[in-house]
Amino acid sequence: MNSPSIKGSLLTLKVFLAHYHQSPLQAGAIIIGIILAVTLLTGVRATNENAINSYSSATELLSQQAKWLITPAAQQENLAEQRYIELRQMGIYQSLAVLQGWITDSRQQRWQLQGSDIIAAISALNSKDDTSSHASPFGKLDLPLARIIAGEPIVLMSRSAANTLDSHRLTLDDVSLEVVTVDDRFNLGNRLLVDISLAQQLLDKPGQLSYIAIFSDVSDKQLALESWLAANGNLSESDNGDSMKALTNSFHLNLTAMSLLAFIVGLFIAYNGVRYSLLKRKRLIIQLQQQGVMKLSIMAALSGELLLLVLVGSVVGFILGLQLSYWLQPMVSVTLEQLYGANILPGIWRWQWLVQATLLTLGAALLACSSLFIELLRQPLAQSSGQFSQQKNAHRAQKWQMLSAMILALIALIFMPISQDYRITMGLLGLVVLAIPLSLPWLLVRLINAIAAMSPKGLIGYQIAETKELIPPLSLAMMAMLLALTANISMNSLVGSFEITLKQWLNARLHADLYLRPPKNQMVELETLLSQNKQVTGIYKQWLTKTKYQHTPIFLLTRDRYSIENTTVIKTAKSSSETALWQDYFDAALSKAPEVIVSEPFAIKHQLNVGDSISLDALGNTKLTIAAIYYDYGNPYGEVIIPSALWHQAKLDTEPLSIAITYRGDFDAYGLELQQQLALPESLIYSQARIKVQAIEMFKRTFSITQVLNTLTLLVAAIGLFSACYMLTQARMAPIARLYTLGVSRRQLTTMVTTQMLLMVILTCIVALPTGAILGYLLINKVTLQAFGWSIAMVWDWSAYFDVVLLALVASTLAVALPLYRQTRRPLISSLQSDIL
């Protein structure tokens, strides 16, 4: 670009900035759209990346990341502490003994407790730091090591976790511990760290370990180690968090999809502001060209203006996005820790996110606005900005949008039934999400034409006819509102349907009055007490262990025959009769072809059906035939249930993991009596009602963050509708004033304009109901089923739909009321003059 062009571009840019100085609302609408889009995109991205980085950077507490792990054999729950001593005697000194488990404090809050050899942990990290140019961060860490080694009741907590406590002491299992805070950069997260001897005492596991972490490379000793651990454990290489990433993929994909949806809604708002601003400057651009300003200079000025607005909006949106991530991360942390057992570390941010968000926003804005820029520059200098020309262009655009929507919907319709992977299904769902708003302007025209055909003549007929002319300037705001309403309706359908399905499943699953999970050394004593009480009418047992299927961790369990038959909700089975199913299932337990029943998530994840054969690590090479698939909600690992006879034949744990009882009398009072007799914490005794409350609360958290994002998206769309209605009503001041001069009263004008806007919103809501139902159906019957393995019956939640529709109506009413109020307070001549200014 030569010097005159640059000078012309700068002068034009100054003129445009002066225009925004006179009309700040136009610039505000554009910046608000960009801010909201970048805020939600950045907030969710920061939350997702922090969680994913936590998986790959997870270290042993106060130590480095392990290279190898020694875990218990399939038939064992823990390792003997003697294994750790033997390992160090073999010359593998860079290792760490770890014992972990869950424990409840005096406030009934559950904590993940980890015990380790703290001296060995720090030594391993220091040995790593010695090989680098950086000093060990523990040089500045003041730990009371002597008191910890001496066995004093001391617990280490991250500063962020310790700030949630009322004092510097924590009571765990009736043991009062002194809390020592550790800086968040040492990656304790929400876990508690104690010396391993204290952990063995608190968890009642003397001489036991959960696993041994090895920090040095032992590939040359792998054969010797495997021979040494042949009967006592397994040696596996650390996967750097890959298994946790795979397990939580669907959760993070869900959040990413929601953030992109919010980003699109925000861009709709920004584009609507740009479009309105350019239309208001159409005459100004013609005048600049008539004064000799080159088209290239005007294009450069428009691009520079858009770049400036994007930069301002992106910076503000980035800062707000980091704050949003700070609010969202605790919700994600609770969900991932309780549902998947993942530990989320304190959040970080990177300046690259700002650059990427800015480039993405600028690229999307330039792509969206390019057609407007070109249309303005191609117009003849003598062209009038007549209403007929604008409407003709709008009708042409509506046809192309409808055609694009039909093509996108057709692609989704063809490939959705054959898609078996939730990632592909989410992509096809994205096409549906794009098709829905693209079809809205065409549908609104047809709906208003139908209303106009039935409306009377006179002012009402004029009002409806003019409403059709409002569709082009309001179409983008209505498309954003439809997108948000559809997403909100579909997500409310998913969450409401899930809650009802879960309650029905729990009612069938929970048949006992009390559920008890005492320590193993008290199990015999508990069984004796229960058998001696004549009011105990039934005792039901469950055995459970972790194993692997094709290197994937799953739960293997069994129950007594009555519990299996009466609490397992079957989805599909090889036998048409449940009586025949259970008869064959138990009869084949000790045969050469034993049968198993598997959970729905397990079957979907591994693409298994009734009649298929599987082998589990815990049962050796035994071929197991799938006799049935049952419904299961909330267990991401999957479950396999085998008959108790097969369990005992495989010599798995003899002591049950938990016991359930039915009781003739006040079972809550009996639960308290057992708690006192056996000195059990309250957290190990559950009533049926308490389990239902906790289960529903926990699984609601799975969707809680998506509900928050849905609400934010709806608020974004409401703000966009407000700004669009406000700008449009301001632009219509002159036509409204002309009607007033023709004798239409102010009350009639107010009613007419308000009714027009509300009619547009109501029609958009009418379109949103079936589109929300379609999106909800796909979310429930395709995405959720493939991603989580949960079959959910779709249920409509009319109260939730009423709430979102009410929000849209309130936003549009407020948007119209303010400019109308200003119109009634300003002189009539000023409104008429606005038609020629």
# chains A, B, ... in the order shown; residues from 1 in each chain; ligands from 1
$ residues_around --residues "Asp173 in chain A" --least-positions-apart "3" --cutoff "8 Å" --atoms "only C-alpha atoms" --output "PyMOL selection string"
chain A and resi 103-106+202+681
$ write_last_selection --atoms "all heavy atoms" --output "PDB file, in the first residue's frame"
ATOM      1  N   ILE A 103     -10.872 -41.378  53.638  1.00  0.00           N
ATOM      2  CA  ILE A 103     -11.140 -41.291  55.077  1.00  0.00           C
ATOM      3  C   ILE A 103     -12.041 -40.091  55.327  1.00  0.00           C
ATOM      4  O   ILE A 103     -12.051 -39.124  54.547  1.00  0.00           O
ATOM      5  CB  ILE A 103      -9.814 -41.171  55.870  1.00  0.00           C
ATOM      6  CG1 ILE A 103     -10.049 -41.441  57.354  1.00  0.00           C
ATOM      7  CG2 ILE A 103      -9.138 -39.828  55.645  1.00  0.00           C
ATOM      8  CD1 ILE A 103      -8.757 -41.658  58.124  1.00  0.00           C
ATOM      9  N   THR A 104     -12.817 -40.135  56.399  1.00  0.00           N
ATOM     10  CA  THR A 104     -13.789 -39.089  56.705  1.00  0.00           C
ATOM     11  C   THR A 104     -13.364 -38.318  57.943  1.00  0.00           C
ATOM     12  O   THR A 104     -12.902 -38.909  58.921  1.00  0.00           O
ATOM     13  CB  THR A 104     -15.181 -39.706  56.941  1.00  0.00           C
ATOM     14  OG1 THR A 104     -15.523 -40.531  55.830  1.00  0.00           O
ATOM     15  CG2 THR A 104     -16.238 -38.630  57.110  1.00  0.00           C
ATOM     16  N   ASP A 105     -13.504 -36.984  57.871  1.00  0.00           N
ATOM     17  CA  ASP A 105     -13.140 -36.173  59.032  1.00  0.00           C
ATOM     18  C   ASP A 105     -14.342 -36.003  59.953  1.00  0.00           C
ATOM     19  O   ASP A 105     -15.419 -36.584  59.725  1.00  0.00           O
ATOM     20  CB  ASP A 105     -12.561 -34.822  58.599  1.00  0.00           C
ATOM     21  CG  ASP A 105     -13.577 -33.947  57.873  1.00  0.00           C
ATOM     22  OD1 ASP A 105     -14.782 -34.259  57.925  1.00  0.00           O
ATOM     23  OD2 ASP A 105     -13.163 -32.949  57.256  1.00  0.00           O
ATOM     24  N   SER A 106     -14.177 -35.198  60.996  1.00  0.00           N
ATOM     25  CA  SER A 106     -15.233 -35.026  62.001  1.00  0.00           C
ATOM     26  C   SER A 106     -16.459 -34.321  61.438  1.00  0.00           C
ATOM     27  O   SER A 106     -17.539 -34.385  62.009  1.00  0.00           O
ATOM     28  CB  SER A 106     -14.691 -34.227  63.196  1.00  0.00           C
ATOM     29  OG  SER A 106     -14.144 -32.993  62.759  1.00  0.00           O
ATOM     30  N   LEU A 202      -4.361 -45.017  60.412  1.00  0.00           N
ATOM     31  CA  LEU A 202      -5.637 -44.357  60.146  1.00  0.00           C
ATOM     32  C   LEU A 202      -6.526 -45.193  59.233  1.00  0.00           C
ATOM     33  O   LEU A 202      -7.755 -45.226  59.397  1.00  0.00           O
ATOM     34  CB  LEU A 202      -5.387 -42.986  59.512  1.00  0.00           C
ATOM     35  CG  LEU A 202      -4.706 -41.929  60.404  1.00  0.00           C
ATOM     36  CD1 LEU A 202      -4.350 -40.696  59.583  1.00  0.00           C
ATOM     37  CD2 LEU A 202      -5.627 -41.542  61.557  1.00  0.00           C
ATOM     38  N   PRO A 681     -17.156 -45.342  62.101  1.00  0.00           N
ATOM     39  CA  PRO A 681     -17.520 -43.976  61.729  1.00  0.00           C
ATOM     40  C   PRO A 681     -18.860 -43.961  61.000  1.00  0.00           C
ATOM     41  O   PRO A 681     -19.245 -44.947  60.361  1.00  0.00           O
ATOM     42  CB  PRO A 681     -16.378 -43.532  60.807  1.00  0.00           C
ATOM     43  CG  PRO A 681     -15.768 -44.788  60.325  1.00  0.00           C
ATOM     44  CD  PRO A 681     -15.952 -45.803  61.408  1.00  0.00           C
TER      45      PRO A 681
END
$ residues_around --residues "range 151-160 of chain A" --least-positions-apart "3" --cutoff "8 Å" --atoms "only C-alpha atoms" --output "ChimeraX atom specification"
/A:147-148,163-164,175-184,186-195,197-198
$ residues_around --residues "Leu79 in chain A" --least-positions-apart "5" --cutoff "10 Å" --atoms "only C-alpha atoms" --output "MDAnalysis selection string"
chainID A and resid 70:73 84 97:99 207:212 232:233
$ atom_distance --atom1 "CA of Ser563 in chain A" --atom2 "CA of Ser658 in chain A"
12.6 Å
$ residues_around --residues "Ile149 in chain A" --least-positions-apart "4" --cutoff "9 Å" --atoms "only C-alpha atoms" --output "ChimeraX atom specification"
/A:117-119,144-145,195,197
$ atom_distance --atom1 "CA of Ile500 in chain A" --atom2 "CA of Leu657 in chain A"
28.9 Å
$ select_by_dssp --residues "range 425-626 of chain A" --states "strand (DSSP E or B)" --output "ChimeraX atom specification"
/A:514-516,536-549,552-559,570-573,595-599,613-614,624-626
$ write_last_selection --atoms "N, CA, C and O atoms" --output "compact mmCIF listing (two decimals), in the first residue's frame"
# COMPACT_ATOMS: atom_id res chain seq x y z
N LEU A 514 -30.32 -51.05 55.47
CA LEU A 514 -29.02 -50.52 55.88
C LEU A 514 -27.91 -51.16 55.07
O LEU A 514 -27.97 -52.37 54.77
N TYR A 515 -26.90 -50.36 54.74
CA TYR A 515 -25.72 -50.84 54.02
C TYR A 515 -24.49 -50.50 54.85
O TYR A 515 -24.29 -49.35 55.25
N LEU A 516 -23.68 -51.53 55.16
CA LEU A 516 -22.55 -51.36 56.07
C LEU A 516 -21.26 -51.78 55.37
O LEU A 516 -21.24 -52.78 54.64
N VAL A 536 -33.27 -58.66 62.52
CA VAL A 536 -32.60 -58.63 61.21
C VAL A 536 -33.21 -59.73 60.36
O VAL A 536 -33.00 -60.92 60.61
N THR A 537 -33.98 -59.36 59.35
CA THR A 537 -34.73 -60.34 58.56
C THR A 537 -33.97 -60.82 57.32
O THR A 537 -34.41 -61.76 56.65
N GLY A 538 -32.88 -60.15 56.98
CA GLY A 538 -32.12 -60.57 55.81
C GLY A 538 -30.72 -59.99 55.82
O GLY A 538 -30.52 -58.84 56.22
N ILE A 539 -29.73 -60.82 55.46
CA ILE A 539 -28.33 -60.39 55.37
C ILE A 539 -27.85 -60.65 53.95
O ILE A 539 -27.93 -61.78 53.46
N TYR A 540 -27.34 -59.60 53.29
CA TYR A 540 -26.93 -59.71 51.90
C TYR A 540 -25.48 -59.22 51.79
O TYR A 540 -25.12 -58.19 52.35
N LYS A 541 -24.66 -59.97 51.03
CA LYS A 541 -23.23 -59.66 50.97
C LYS A 541 -22.80 -59.33 49.54
O LYS A 541 -23.39 -59.80 48.56
N GLN A 542 -21.74 -58.51 49.48
CA GLN A 542 -21.15 -58.17 48.19
C GLN A 542 -19.63 -58.27 48.28
O GLN A 542 -19.03 -57.78 49.24
N TRP A 543 -19.04 -58.92 47.28
CA TRP A 543 -17.58 -59.01 47.16
C TRP A 543 -17.16 -58.22 45.93
O TRP A 543 -17.86 -58.26 44.89
N LEU A 544 -16.06 -57.52 46.00
CA LEU A 544 -15.64 -56.69 44.86
C LEU A 544 -14.12 -56.61 44.82
O LEU A 544 -13.45 -56.55 45.86
N THR A 545 -13.58 -56.60 43.61
CA THR A 545 -12.14 -56.40 43.42
C THR A 545 -11.94 -55.71 42.08
O THR A 545 -12.82 -55.73 41.21
N LYS A 546 -10.79 -55.10 41.92
CA LYS A 546 -10.43 -54.49 40.65
C LYS A 546 -9.65 -55.48 39.81
O LYS A 546 -8.81 -56.21 40.33
N THR A 547 -9.94 -55.52 38.53
CA THR A 547 -9.17 -56.36 37.60
C THR A 547 -9.08 -55.62 36.28
O THR A 547 -9.39 -54.42 36.20
N LYS A 548 -8.64 -56.32 35.23
CA LYS A 548 -8.48 -55.69 33.93
C LYS A 548 -9.08 -56.56 32.84
O LYS A 548 -9.03 -57.78 32.91
N TYR A 549 -9.64 -55.89 31.86
CA TYR A 549 -10.08 -56.54 30.63
C TYR A 549 -9.40 -55.82 29.46
O TYR A 549 -9.62 -54.62 29.25
N THR A 552 -7.63 -52.73 30.38
CA THR A 552 -8.48 -51.65 30.86
C THR A 552 -9.02 -52.01 32.25
O THR A 552 -9.57 -53.10 32.42
N PRO A 553 -8.87 -51.14 33.26
CA PRO A 553 -9.36 -51.47 34.61
C PRO A 553 -10.88 -51.55 34.66
O PRO A 553 -11.57 -50.71 34.08
N ILE A 554 -11.40 -52.58 35.32
CA ILE A 554 -12.84 -52.73 35.54
C ILE A 554 -13.06 -53.26 36.95
O ILE A 554 -12.11 -53.64 37.65
N PHE A 555 -14.31 -53.30 37.37
CA PHE A 555 -14.67 -53.88 38.66
C PHE A 555 -15.26 -55.27 38.43
O PHE A 555 -16.19 -55.44 37.62
N LEU A 556 -14.74 -56.25 39.16
CA LEU A 556 -15.29 -57.60 39.16
C LEU A 556 -15.98 -57.80 40.50
O LEU A 556 -15.38 -57.54 41.55
N LEU A 557 -17.23 -58.25 40.49
CA LEU A 557 -17.94 -58.38 41.76
C LEU A 557 -18.91 -59.54 41.73
O LEU A 557 -19.23 -60.08 40.67
N THR A 558 -19.36 -59.88 42.90
CA THR A 558 -20.42 -60.87 43.04
C THR A 558 -21.24 -60.52 44.26
O THR A 558 -20.79 -59.76 45.14
N ARG A 559 -22.44 -61.05 44.30
CA ARG A 559 -23.34 -60.85 45.45
C ARG A 559 -24.01 -62.19 45.74
O ARG A 559 -23.85 -63.17 45.01
N ILE A 570 -32.05 -55.71 34.15
CA ILE A 570 -31.54 -56.26 32.90
C ILE A 570 -31.97 -55.41 31.71
O ILE A 570 -33.13 -55.02 31.59
N LYS A 571 -31.01 -55.15 30.82
CA LYS A 571 -31.30 -54.46 29.55
C LYS A 571 -31.59 -55.46 28.45
O LYS A 571 -32.64 -55.41 27.80
N THR A 572 -30.65 -56.37 28.21
CA THR A 572 -30.84 -57.44 27.23
C THR A 572 -30.29 -58.74 27.81
O THR A 572 -29.34 -58.71 28.61
N ALA A 573 -30.87 -59.87 27.42
CA ALA A 573 -30.43 -61.17 27.92
C ALA A 573 -30.62 -62.22 26.84
O ALA A 573 -31.41 -62.05 25.91
N GLU A 595 -21.03 -68.37 32.95
CA GLU A 595 -21.67 -67.19 32.37
C GLU A 595 -21.50 -65.99 33.30
O GLU A 595 -21.40 -66.14 34.52
N VAL A 596 -21.48 -64.80 32.71
CA VAL A 596 -21.37 -63.56 33.48
C VAL A 596 -22.40 -62.58 32.95
O VAL A 596 -22.93 -62.74 31.84
N ILE A 597 -22.69 -61.58 33.75
CA ILE A 597 -23.50 -60.45 33.28
C ILE A 597 -22.64 -59.20 33.40
O ILE A 597 -21.87 -59.05 34.35
N VAL A 598 -22.74 -58.32 32.42
CA VAL A 598 -21.86 -57.16 32.35
C VAL A 598 -22.70 -55.88 32.33
O VAL A 598 -23.86 -55.88 31.89
N SER A 599 -22.10 -54.79 32.80
CA SER A 599 -22.80 -53.51 32.83
C SER A 599 -22.89 -52.92 31.42
O SER A 599 -22.07 -53.20 30.55
N SER A 613 -17.75 -63.84 24.21
CA SER A 613 -16.87 -64.40 25.25
C SER A 613 -15.81 -63.38 25.64
O SER A 613 -15.31 -62.63 24.80
N ILE A 614 -15.48 -63.35 26.94
CA ILE A 614 -14.45 -62.45 27.44
C ILE A 614 -13.57 -63.22 28.42
O ILE A 614 -13.94 -64.30 28.91
N LEU A 624 -15.43 -66.66 29.59
CA LEU A 624 -16.70 -66.30 30.21
C LEU A 624 -17.67 -65.85 29.13
O LEU A 624 -17.34 -65.01 28.30
N THR A 625 -18.89 -66.39 29.16
CA THR A 625 -19.90 -66.03 28.17
C THR A 625 -20.85 -64.99 28.76
O THR A 625 -21.33 -65.14 29.89
N ILE A 626 -21.11 -63.94 28.00
CA ILE A 626 -22.01 -62.89 28.48
C ILE A 626 -23.45 -63.38 28.33
O ILE A 626 -23.94 -63.62 27.22
$ atom_distance --atom1 "CA of Leu440 in chain A" --atom2 "CA of Met479 in chain A"
6.5 Å
$ residues_around --residues "range 393-410 of chain A" --least-positions-apart "4" --cutoff "7 Å" --atoms "only C-alpha atoms" --output "list of chain:residue names"
A:Ser389, A:Ile414, A:Leu431, A:Val432, A:Ala435, A:Ile436, A:Leu438, A:Ser439, A:Pro441, A:Trp442, A:Pro472
$ write_last_selection --atoms "all heavy atoms" --output "PDB file, in the first residue's frame"
ATOM      1  N   SER A 389     -34.347  -2.499  -1.653  1.00  0.00           N
ATOM      2  CA  SER A 389     -33.068  -3.151  -1.966  1.00  0.00           C
ATOM      3  C   SER A 389     -32.604  -4.021  -0.802  1.00  0.00           C
ATOM      4  O   SER A 389     -32.129  -5.140  -0.993  1.00  0.00           O
ATOM      5  CB  SER A 389     -32.018  -2.098  -2.309  1.00  0.00           C
ATOM      6  OG  SER A 389     -30.758  -2.702  -2.502  1.00  0.00           O
ATOM      7  N   ILE A 414     -28.045 -38.703   7.410  1.00  0.00           N
ATOM      8  CA  ILE A 414     -27.506 -39.893   6.745  1.00  0.00           C
ATOM      9  C   ILE A 414     -26.503 -40.617   7.635  1.00  0.00           C
ATOM     10  O   ILE A 414     -26.537 -41.849   7.776  1.00  0.00           O
ATOM     11  CB  ILE A 414     -26.851 -39.502   5.398  1.00  0.00           C
ATOM     12  CG1 ILE A 414     -27.925 -39.013   4.417  1.00  0.00           C
ATOM     13  CG2 ILE A 414     -26.074 -40.675   4.810  1.00  0.00           C
ATOM     14  CD1 ILE A 414     -27.367 -38.436   3.138  1.00  0.00           C
ATOM     15  N   LEU A 431     -23.232 -30.164  13.201  1.00  0.00           N
ATOM     16  CA  LEU A 431     -23.911 -29.786  11.963  1.00  0.00           C
ATOM     17  C   LEU A 431     -25.379 -29.465  12.224  1.00  0.00           C
ATOM     18  O   LEU A 431     -25.934 -28.517  11.650  1.00  0.00           O
ATOM     19  CB  LEU A 431     -23.800 -30.925  10.936  1.00  0.00           C
ATOM     20  CG  LEU A 431     -22.392 -31.319  10.483  1.00  0.00           C
ATOM     21  CD1 LEU A 431     -22.469 -32.420   9.435  1.00  0.00           C
ATOM     22  CD2 LEU A 431     -21.624 -30.120   9.950  1.00  0.00           C
ATOM     23  N   VAL A 432     -26.016 -30.257  13.094  1.00  0.00           N
ATOM     24  CA  VAL A 432     -27.412 -29.994  13.452  1.00  0.00           C
ATOM     25  C   VAL A 432     -27.532 -28.648  14.156  1.00  0.00           C
ATOM     26  O   VAL A 432     -28.452 -27.858  13.889  1.00  0.00           O
ATOM     27  CB  VAL A 432     -27.962 -31.120  14.336  1.00  0.00           C
ATOM     28  CG1 VAL A 432     -29.393 -30.817  14.779  1.00  0.00           C
ATOM     29  CG2 VAL A 432     -27.908 -32.454  13.611  1.00  0.00           C
ATOM     30  N   ALA A 435     -27.348 -26.000  11.608  1.00  0.00           N
ATOM     31  CA  ALA A 435     -28.506 -25.984  10.716  1.00  0.00           C
ATOM     32  C   ALA A 435     -29.718 -25.316  11.363  1.00  0.00           C
ATOM     33  O   ALA A 435     -30.509 -24.645  10.680  1.00  0.00           O
ATOM     34  CB  ALA A 435     -28.863 -27.412  10.296  1.00  0.00           C
ATOM     35  N   ILE A 436     -29.858 -25.482  12.667  1.00  0.00           N
ATOM     36  CA  ILE A 436     -31.054 -24.963  13.359  1.00  0.00           C
ATOM     37  C   ILE A 436     -31.172 -23.440  13.229  1.00  0.00           C
ATOM     38  O   ILE A 436     -32.212 -22.936  12.784  1.00  0.00           O
ATOM     39  CB  ILE A 436     -31.045 -25.420  14.832  1.00  0.00           C
ATOM     40  CG1 ILE A 436     -31.382 -26.920  14.907  1.00  0.00           C
ATOM     41  CG2 ILE A 436     -32.044 -24.619  15.656  1.00  0.00           C
ATOM     42  CD1 ILE A 436     -31.199 -27.512  16.294  1.00  0.00           C
ATOM     43  N   LEU A 438     -29.657 -21.423  11.101  1.00  0.00           N
ATOM     44  CA  LEU A 438     -29.661 -20.998   9.701  1.00  0.00           C
ATOM     45  C   LEU A 438     -31.059 -21.055   9.095  1.00  0.00           C
ATOM     46  O   LEU A 438     -31.401 -20.274   8.198  1.00  0.00           O
ATOM     47  CB  LEU A 438     -28.708 -21.888   8.889  1.00  0.00           C
ATOM     48  CG  LEU A 438     -27.208 -21.631   9.071  1.00  0.00           C
ATOM     49  CD1 LEU A 438     -26.390 -22.665   8.307  1.00  0.00           C
ATOM     50  CD2 LEU A 438     -26.829 -20.228   8.626  1.00  0.00           C
ATOM     51  N   SER A 439     -31.875 -21.972   9.581  1.00  0.00           N
ATOM     52  CA  SER A 439     -33.228 -22.115   9.037  1.00  0.00           C
ATOM     53  C   SER A 439     -34.229 -21.132   9.648  1.00  0.00           C
ATOM     54  O   SER A 439     -35.347 -20.997   9.140  1.00  0.00           O
ATOM     55  CB  SER A 439     -33.731 -23.544   9.267  1.00  0.00           C
ATOM     56  OG  SER A 439     -33.828 -23.815  10.670  1.00  0.00           O
ATOM     57  N   PRO A 441     -34.582 -17.599   9.933  1.00  0.00           N
ATOM     58  CA  PRO A 441     -35.200 -16.474   9.210  1.00  0.00           C
ATOM     59  C   PRO A 441     -36.263 -16.928   8.215  1.00  0.00           C
ATOM     60  O   PRO A 441     -37.349 -16.329   8.129  1.00  0.00           O
ATOM     61  CB  PRO A 441     -34.005 -15.815   8.504  1.00  0.00           C
ATOM     62  CG  PRO A 441     -32.829 -16.178   9.340  1.00  0.00           C
ATOM     63  CD  PRO A 441     -33.108 -17.557   9.831  1.00  0.00           C
ATOM     64  N   TRP A 442     -36.002 -17.979   7.455  1.00  0.00           N
ATOM     65  CA  TRP A 442     -36.969 -18.493   6.479  1.00  0.00           C
ATOM     66  C   TRP A 442     -38.232 -18.959   7.195  1.00  0.00           C
ATOM     67  O   TRP A 442     -39.353 -18.705   6.734  1.00  0.00           O
ATOM     68  CB  TRP A 442     -36.326 -19.632   5.700  1.00  0.00           C
ATOM     69  CG  TRP A 442     -37.135 -20.129   4.542  1.00  0.00           C
ATOM     70  CD1 TRP A 442     -37.134 -19.663   3.264  1.00  0.00           C
ATOM     71  CD2 TRP A 442     -38.086 -21.208   4.584  1.00  0.00           C
ATOM     72  NE1 TRP A 442     -38.012 -20.384   2.484  1.00  0.00           N
ATOM     73  CE2 TRP A 442     -38.608 -21.330   3.259  1.00  0.00           C
ATOM     74  CE3 TRP A 442     -38.537 -22.065   5.575  1.00  0.00           C
ATOM     75  CZ2 TRP A 442     -39.567 -22.293   2.936  1.00  0.00           C
ATOM     76  CZ3 TRP A 442     -39.493 -23.019   5.253  1.00  0.00           C
ATOM     77  CH2 TRP A 442     -39.996 -23.128   3.955  1.00  0.00           C
ATOM     78  N   PRO A 472     -35.031  -9.311   8.847  1.00  0.00           N
ATOM     79  CA  PRO A 472     -33.613  -9.202   8.460  1.00  0.00           C
ATOM     80  C   PRO A 472     -32.732  -8.516   9.493  1.00  0.00           C
ATOM     81  O   PRO A 472     -31.692  -9.075   9.870  1.00  0.00           O
ATOM     82  CB  PRO A 472     -33.678  -8.425   7.136  1.00  0.00           C
ATOM     83  CG  PRO A 472     -35.023  -8.744   6.580  1.00  0.00           C
ATOM     84  CD  PRO A 472     -35.929  -8.838   7.768  1.00  0.00           C
TER      85      PRO A 472
END
$ residues_around --residues "Val716 in chain A" --least-positions-apart "4" --cutoff "10 Å" --atoms "only C-alpha atoms" --output "count of residues only"
19
$ select_by_dssp --residues "range 682-804 of chain A" --states "alpha helix (DSSP H)" --output "PyMOL selection string"
chain A and resi 688-731+733-741+746-778+784-788+798-804
$ closest_residue --among "A:Asn272, A:Thr813, A:Ser23, A:Thr568" --to "Thr751 in chain A" --atoms "only C-alpha atoms"
A:Thr813
$ residues_around --residues "Leu502 in chain A" --least-positions-apart "5" --cutoff "12 Å" --atoms "only C-alpha atoms" --output "PyMOL selection string"
chain A and resi 494-497+507-510+569+631-634+692-700+790-793
